[in-house]
Every structure is written in structure tokens, then in C-alpha cells.
$ cat upload_6.csv   # CSV, C-alpha atoms
chain,number,residue,atom,x,y,z
A,1,LEU,CA,78.1,-53.1,21.4
A,2,THR,CA,78.8,-51.8,17.9
A,3,TRP,CA,75.3,-52.7,16.8
A,4,ALA,CA,73.8,-50.9,19.8
A,5,GLU,CA,76.0,-47.9,19.1
A,6,GLU,CA,74.8,-47.6,15.5
A,7,GLU,CA,71.2,-48.7,15.8
A,8,ALA,CA,69.0,-45.6,15.9
A,9,SER,CA,66.1,-47.3,17.7
A,10,VAL,CA,68.3,-48.0,20.7
A,11,ASP,CA,68.1,-45.1,23.2
A,12,ALA,CA,70.3,-46.5,26.0
A,13,VAL,CA,72.5,-49.5,26.6
A,14,VAL,CA,72.9,-51.7,29.7
A,15,LEU,CA,76.2,-53.6,29.7
A,16,ARG,CA,75.6,-56.8,31.7
A,17,VAL,CA,79.0,-57.9,33.0
A,18,SER,CA,79.4,-61.5,34.3
A,19,SER,CA,83.2,-62.2,34.0
A,20,PRO,CA,86.2,-62.7,36.3
A,21,GLY,CA,88.3,-60.9,33.6
A,22,GLY,CA,90.9,-62.1,31.1
A,23,SER,CA,93.7,-60.6,29.0
A,24,ASP,CA,94.5,-56.9,29.2
A,25,SER,CA,94.1,-56.6,25.4
A,26,ALA,CA,90.7,-58.2,25.4
A,27,SER,CA,89.5,-56.1,28.3
A,28,ASP,CA,90.7,-52.9,26.6
A,29,THR,CA,89.1,-53.9,23.3
A,30,ILE,CA,85.7,-54.2,24.9
A,31,TRP,CA,86.3,-51.0,26.9
A,32,ARG,CA,87.0,-49.1,23.7
A,33,ALA,CA,83.8,-50.4,22.1
A,34,ALA,CA,81.8,-49.5,25.2
A,35,GLU,CA,83.4,-46.0,25.2
A,36,ARG,CA,82.1,-45.5,21.7
A,37,VAL,CA,78.6,-46.4,22.8
A,38,ARG,CA,78.9,-44.0,25.8
A,39,ALA,CA,79.9,-41.1,23.4
A,40,VAL,CA,76.5,-41.3,21.7
A,41,LYS,CA,74.0,-42.7,24.2
A,42,PRO,CA,73.6,-43.5,27.9
A,43,LEU,CA,75.6,-46.6,29.0
A,44,VAL,CA,75.0,-48.3,32.3
A,45,ALA,CA,76.9,-51.3,33.6
A,46,SER,CA,75.1,-54.0,35.5
A,47,PHE,CA,77.1,-56.6,37.5
A,48,GLY,CA,76.1,-60.3,37.7
A,49,ASP,CA,77.6,-62.7,40.2
A,50,VAL,CA,81.1,-61.8,39.1
A,51,ALA,CA,82.4,-58.6,37.5
A,52,ALA,CA,86.0,-58.5,38.6
A,53,SER,CA,89.4,-57.4,37.3
A,54,GLY,CA,89.0,-57.3,33.5
A,55,GLY,CA,85.3,-57.4,34.1
A,56,TYR,CA,85.6,-54.3,36.2
A,57,TRP,CA,87.9,-52.7,33.6
A,58,VAL,CA,85.3,-52.9,30.8
A,59,SER,CA,82.7,-51.4,33.2
A,60,THR,CA,84.7,-48.2,33.6
A,61,ALA,CA,83.4,-47.1,30.3
A,62,ALA,CA,79.8,-46.8,31.7
A,63,ARG,CA,78.2,-43.6,33.0
A,64,ARG,CA,76.8,-45.5,36.0
A,65,VAL,CA,77.5,-48.9,37.6
A,66,VAL,CA,74.9,-51.0,39.3
A,67,ALA,CA,76.0,-54.0,41.3
A,68,GLU,CA,74.2,-56.7,43.3
A,69,PRO,CA,75.1,-56.5,47.0
A,70,LEU,CA,76.9,-59.8,46.8
A,71,SER,CA,78.5,-59.5,43.4
A,72,ILE,CA,82.2,-60.3,43.4
A,73,THR,CA,84.1,-57.3,42.0
A,74,GLY,CA,87.2,-55.2,42.3
A,75,SER,CA,90.4,-57.2,41.8
A,76,ILE,CA,92.0,-54.2,40.2
A,77,GLY,CA,95.3,-55.7,39.4
A,78,VAL,CA,97.4,-57.4,36.7
A,79,TYR,CA,99.5,-60.5,36.8
A,80,VAL,CA,101.7,-62.3,34.2
A,81,GLY,CA,103.7,-65.4,34.1
A,82,LYS,CA,104.2,-68.6,32.2
A,83,PHE,CA,104.3,-72.4,32.8
A,84,ASN,CA,107.7,-74.0,33.0
A,85,ILE,CA,107.2,-77.6,31.8
A,86,GLY,CA,110.9,-78.3,31.1
A,87,GLU,CA,111.2,-81.0,33.8
A,88,LEU,CA,108.0,-82.6,32.7
A,89,LEU,CA,109.2,-82.9,29.1
A,90,ASP,CA,112.4,-84.5,30.4
A,91,LYS,CA,110.5,-87.1,32.4
A,92,VAL,CA,108.4,-88.1,29.4
A,93,GLY,CA,111.4,-88.1,27.1
A,94,ILE,CA,110.5,-85.1,25.0
A,95,ALA,CA,113.2,-82.8,23.9
A,96,ALA,CA,112.6,-79.2,22.7
A,97,ASP,CA,115.1,-77.8,20.1
A,98,LEU,CA,114.9,-74.1,19.6
A,99,VAL,CA,116.6,-72.0,16.9
A,100,THR,CA,116.6,-68.3,17.7
A,101,ALA,CA,118.1,-65.2,16.2
A,102,GLY,CA,118.2,-61.6,17.6
A,103,GLY,CA,118.1,-61.0,21.3
A,104,ARG,CA,116.0,-63.4,23.5
A,105,PRO,CA,113.0,-64.4,21.3
A,106,ASN,CA,112.6,-67.6,23.3
A,107,TRP,CA,112.3,-66.0,26.7
A,108,LEU,CA,108.7,-67.1,27.1
A,109,SER,CA,109.3,-70.7,25.9
A,110,PRO,CA,107.5,-73.1,28.3
A,111,SER,CA,110.5,-75.4,28.1
A,112,ARG,CA,112.9,-73.1,30.0
A,113,PRO,CA,112.7,-71.3,33.3
A,114,LEU,CA,112.6,-67.5,33.7
A,115,ASP,CA,115.9,-65.8,34.7
A,116,GLU,CA,116.1,-62.5,36.5
A,117,GLN,CA,116.2,-60.5,33.2
A,118,ASP,CA,113.0,-62.3,32.1
A,119,LEU,CA,111.3,-61.6,35.4
A,120,GLU,CA,112.2,-57.9,35.2
A,121,ARG,CA,110.7,-57.7,31.7
A,122,LEU,CA,107.5,-59.3,33.1
A,123,ARG,CA,107.4,-56.9,36.1
A,124,GLU,CA,107.8,-53.9,33.8
A,125,GLY,CA,105.0,-55.1,31.5
A,126,ALA,CA,102.6,-55.8,34.4
A,127,ALA,CA,103.4,-52.4,36.0
A,128,GLU,CA,102.6,-50.6,32.8
A,129,ILE,CA,99.3,-52.3,32.3
A,130,TYR,CA,98.4,-51.8,36.0
A,131,GLY,CA,99.1,-48.1,35.5
A,132,VAL,CA,96.6,-48.0,32.6
A,133,PHE,CA,94.1,-49.9,34.7
A,134,LEU,CA,94.4,-47.3,37.5
A,135,GLU,CA,93.9,-44.5,35.0
A,136,ARG,CA,90.8,-46.1,33.6
A,137,VAL,CA,89.3,-46.5,37.1
A,138,ALA,CA,90.4,-43.1,38.3
A,139,ALA,CA,88.8,-41.3,35.3
A,140,ALA,CA,85.6,-43.3,35.7
A,141,ARG,CA,85.2,-42.9,39.4
A,142,ASN,CA,86.5,-39.3,39.8
A,143,MET,CA,89.5,-40.4,41.9
A,144,THR,CA,93.2,-40.0,41.7
A,145,THR,CA,95.3,-43.0,40.6
A,146,THR,CA,96.8,-42.9,44.2
A,147,GLU,CA,93.3,-43.3,45.6
A,148,VAL,CA,92.5,-46.1,43.3
A,149,ASP,CA,95.8,-47.9,44.0
A,150,ALA,CA,94.9,-47.8,47.7
A,151,ILE,CA,91.8,-49.9,47.1
A,152,GLY,CA,93.3,-51.8,44.2
A,153,GLN,CA,96.3,-54.1,44.2
A,154,GLY,CA,94.1,-57.0,43.5
A,155,ARG,CA,91.7,-56.6,46.4
A,156,VAL,CA,88.4,-58.3,45.9
A,157,PHE,CA,85.1,-56.7,47.1
A,158,THR,CA,81.5,-57.6,47.3
A,159,GLY,CA,79.1,-55.3,45.6
A,160,GLY,CA,78.2,-53.7,48.9
A,161,GLN,CA,81.8,-53.1,49.8
A,162,ALA,CA,82.5,-51.7,46.3
A,163,LEU,CA,79.6,-49.3,46.8
A,164,ALA,CA,81.1,-48.0,50.0
A,165,ALA,CA,84.5,-47.7,48.4
A,166,GLY,CA,83.1,-45.6,45.5
A,167,LEU,CA,83.7,-48.3,42.8
A,168,VAL,CA,79.9,-48.6,42.0
A,169,ASP,CA,77.1,-46.1,42.0
A,170,GLN,CA,74.1,-48.1,43.1
A,171,ALA,CA,73.1,-51.5,44.6
A,172,GLY,CA,70.6,-53.4,42.5
A,173,GLY,CA,70.0,-55.9,39.7
A,174,ILE,CA,69.5,-55.8,36.0
A,175,GLU,CA,66.0,-54.3,36.2
A,176,ASP,CA,67.4,-51.4,38.4
A,177,ALA,CA,70.1,-50.9,35.7
A,178,VAL,CA,67.5,-50.8,32.9
A,179,ARG,CA,65.4,-48.2,34.8
A,180,LEU,CA,68.5,-46.1,35.5
A,181,ALA,CA,69.5,-46.3,31.8
A,182,ALA,CA,65.9,-45.3,30.8
A,183,SER,CA,66.1,-42.3,33.2
A,184,GLU,CA,69.5,-41.3,31.8
A,185,ALA,CA,67.9,-41.4,28.3
A,186,GLY,CA,65.2,-39.0,29.5
A,187,PHE,CA,62.3,-41.4,29.7
A,188,PRO,CA,59.7,-40.9,32.5
A,189,ASP,CA,59.4,-43.5,35.3
A,190,ASP,CA,56.2,-44.9,33.9
A,191,ALA,CA,57.5,-45.4,30.4
A,192,THR,CA,57.2,-48.8,28.8
A,193,ILE,CA,60.7,-50.1,28.0
A,194,GLU,CA,61.3,-52.6,25.2
A,195,TRP,CA,64.4,-54.7,25.9
A,196,VAL,CA,66.6,-56.1,23.2
A,197,SER,CA,69.0,-58.8,24.6
A,198,LEU,CA,72.2,-59.4,22.8
A,199,PRO,CA,73.5,-61.8,21.7
A,200,GLU,CA,70.2,-63.5,20.9
A,201,PRO,CA,69.5,-66.7,22.9
A,202,PRO,CA,70.5,-69.9,21.1
A,203,THR,CA,67.9,-72.2,19.7
A,204,LEU,CA,67.3,-75.5,21.4
A,205,ALA,CA,69.4,-77.3,18.8
A,206,GLU,CA,72.2,-74.8,19.2
A,207,ALA,CA,72.2,-75.1,22.9
A,208,ILE,CA,72.4,-78.9,22.8
A,209,GLU,CA,75.2,-78.7,20.3
A,210,ALA,CA,77.1,-76.2,22.5
A,211,GLU,CA,76.6,-78.4,25.5
A,212,PHE,CA,78.2,-81.4,23.7
A,213,ARG,CA,81.0,-79.2,22.4
A,214,SER,CA,81.8,-77.6,25.7
A,215,GLY,CA,83.6,-78.9,28.8
A,216,GLY,CA,85.4,-77.6,31.8
A,217,LEU,CA,88.9,-78.2,30.3
A,218,ARG,CA,87.9,-76.9,26.8
A,219,GLU,CA,86.4,-73.7,28.3
A,220,ARG,CA,89.7,-73.1,30.2
A,221,LEU,CA,92.0,-73.7,27.2
A,222,PRO,CA,92.0,-70.1,26.0
A,223,LEU,CA,93.2,-69.0,29.4
A,224,LEU,CA,95.8,-71.9,29.5
A,225,ASP,CA,97.1,-70.8,26.1
A,226,ALA,CA,97.3,-67.2,27.3
A,227,ALA,CA,99.3,-68.3,30.4
A,228,LEU,CA,101.7,-70.4,28.3
A,229,GLU,CA,102.3,-67.4,26.1
A,230,GLY,CA,103.0,-65.0,28.9
A,231,THR,CA,99.9,-62.9,28.2
A,232,ARG,CA,99.3,-60.2,30.9
A,233,MET,CA,96.0,-61.0,32.6
A,234,ALA,CA,93.5,-58.7,34.3
A,235,LEU,CA,91.9,-61.8,35.8
A,236,LEU,CA,90.3,-62.8,39.2
A,237,PRO,CA,92.8,-65.2,40.8
A,238,PHE,CA,90.0,-67.7,41.3
A,239,VAL,CA,86.9,-68.6,39.5
A,240,PRO,CA,83.9,-68.9,41.8
A,241,GLU,CA,81.1,-71.4,41.0
A,242,PHE,CA,77.6,-70.6,42.2
A,243,ARG,CA,75.4,-73.7,42.8

$ encode --input "upload_6.csv" --output "C-alpha cells"
Amino acid sequence: LTWAEEEASVDAVVLRVSSPGGSDSASDTIWRAAERVRAVKPLVASFGDVAASGGYWVSTAARRVVAEPLSITGSIGVYVGKFNIGELLDKVGIAADLVTAGGRPNWLSPSRPLDEQDLERLREGAAEIYGVFLERVAAARNMTTTEVDAIGQGRVFTGGQALAAGLVDQAGGIEDAVRLAASEAGFPDDATIEWVSLPEPPTLAEAIEAEFRSGGLRERLPLLDAALEGTRMALLPFVPEFR
């Protein structure tokens, strides 16, 4: 996004979103980068199979949003929690010794359960981020936060339903988004468009190496780490697999 923002030969940008979401901080980091692009050139978001929760968050930076009729989107919501593996550690004979100072620095330790004070802190944090999420969507879709909340609260939509709800602007695929971006940049309908896809596709050797290095569990480890640390997640509560 930064390259596209600064590259003079790029007249418009299509942000292809294919993500169920992630942490609130990651979503907002991408959103800010997309906002900087939008400030200097047309930015259109294009939804793949899934563009939900944090995936929708980043799309609110776009001038226009194009979604496939059956894209999974929406899921405007935030959740936060942590694993409590204290009993598991007891069963396998592992003890956790913690030395703390100042307040409750160990409140997110996976070796202890949450008490009511901990839960209240998590609720307050989730509510704060949800409020930011509502503001992002409201500003992008010309709605009030109350109107967004009425269709938010984690509800999941198809692309067609999102269009009817006012969360996207147009039904279509990546080529429709490219044509729309070109139009926003002032190009005539019959203009020849040169695409630059980023990141660049991997070489065959890089693809093979990535395949060997990847795996279902390894791909989920960042999310597992985030959950263990109590990170607030703007994340679809399930990960669909299309076969």
C-alpha cells in the first residue's frame, strides 16, 4: 500500500480483501495505510470469498466497495479472551511460578482463571474497540453509529445481503473493481488498463519452499498466540474453507 501510494505511475488502487480478520491493532494498521492511499488516489476495495470483521474494517478506508454476491462479510464485532490451561498443567505435572509487582500484571496468565475484575477489564477493552469499529464503518457508509450497531454485533452477511444493508456499493468481482477504480481515476471505459499485482507471485522454488514450511497448525499459531495473550480480535468466529 505504501508503494502504491508513493508510486507516480499508479493512478488508482484496488485493495483485494480475502481475510476473516485478526487483531484490532493489525486491522487498524492496514486501515491507516489504506487511508493514506485514499488521500492521494482512488481506492476501491474488492472482496474475495471472505472479507469479514477485521477484513471489513480495513475496507472502510476505500471510496467504493465491490463484493461477490456470495462473499462472506460483515461480522462487525470484537471479542477477547484467553485460554486457561491451569488444570491441564496440573494433570501433566507442570507448575507455573509467577513473581509479580505492581497491581495485577499476571491477569492474562494462561495458568490462572479470570475473575470478575479481569472480565470487566476485558469487557471494557472490547467495548472500546467495538466503538472505534462502529465509527470507522459509520464514516465510510454515511451512517450513524446506532445504525451500524443495528446491523453489527457480529452479524455475518453474504455479499448480496451486505449490498442490501448498505455495507457495500456494488456486486461484482475483481475485474468490476478494476473498471470502477479506473473510472474513479478519470479513464474512459475503453481505456487499456495495466495491472500491477502486489505482492509479486512467488517463484516455483519459493512456492514449494512455502508449501513445505506451512501447515494448518503453523498457520494458526499467530492467532493462538494472540488468544493466549488476550489480544482483542476483530475476527470471524469461524474460518470457512472453500473446496

$ residues_around --input "upload_6.csv" --residues "segment 164-178 of chain A" --least-positions-apart "2" --cutoff "7 Å" --atoms "only C-alpha atoms" --output "PyMOL selection string"
chain A and resi 14+44+46+64-69+141+160-162+180-182

$ closest_residue --input "upload_6.csv" --among "A:Val196, A:Ile208, A:Val137, A:Gly93" --to "Val13 of chain A" --atoms "all atoms listed in the file"
A:Val196

$ atom_distance --input "upload_6.csv" --atom1 "atom CA of Ala185 of chain A" --atom2 "atom CA of Lys41 of chain A"
7.5 Å

$ atom_distance --input "upload_6.csv" --atom1 "atom CA of Glu7 of chain A" --atom2 "atom CA of Phe47 of chain A"
23.8 Å

$ atom_distance --input "upload_6.csv" --atom1 "atom CA of Trp3 of chain A" --atom2 "atom CA of Pro42 of chain A"
14.5 Å

$ closest_residue --input "upload_6.csv" --among "A:Gly22, A:Gly48, A:Pro110, A:Gly152" --to "Gly74 of chain A" --atoms "only C-alpha atoms"
A:Gly152
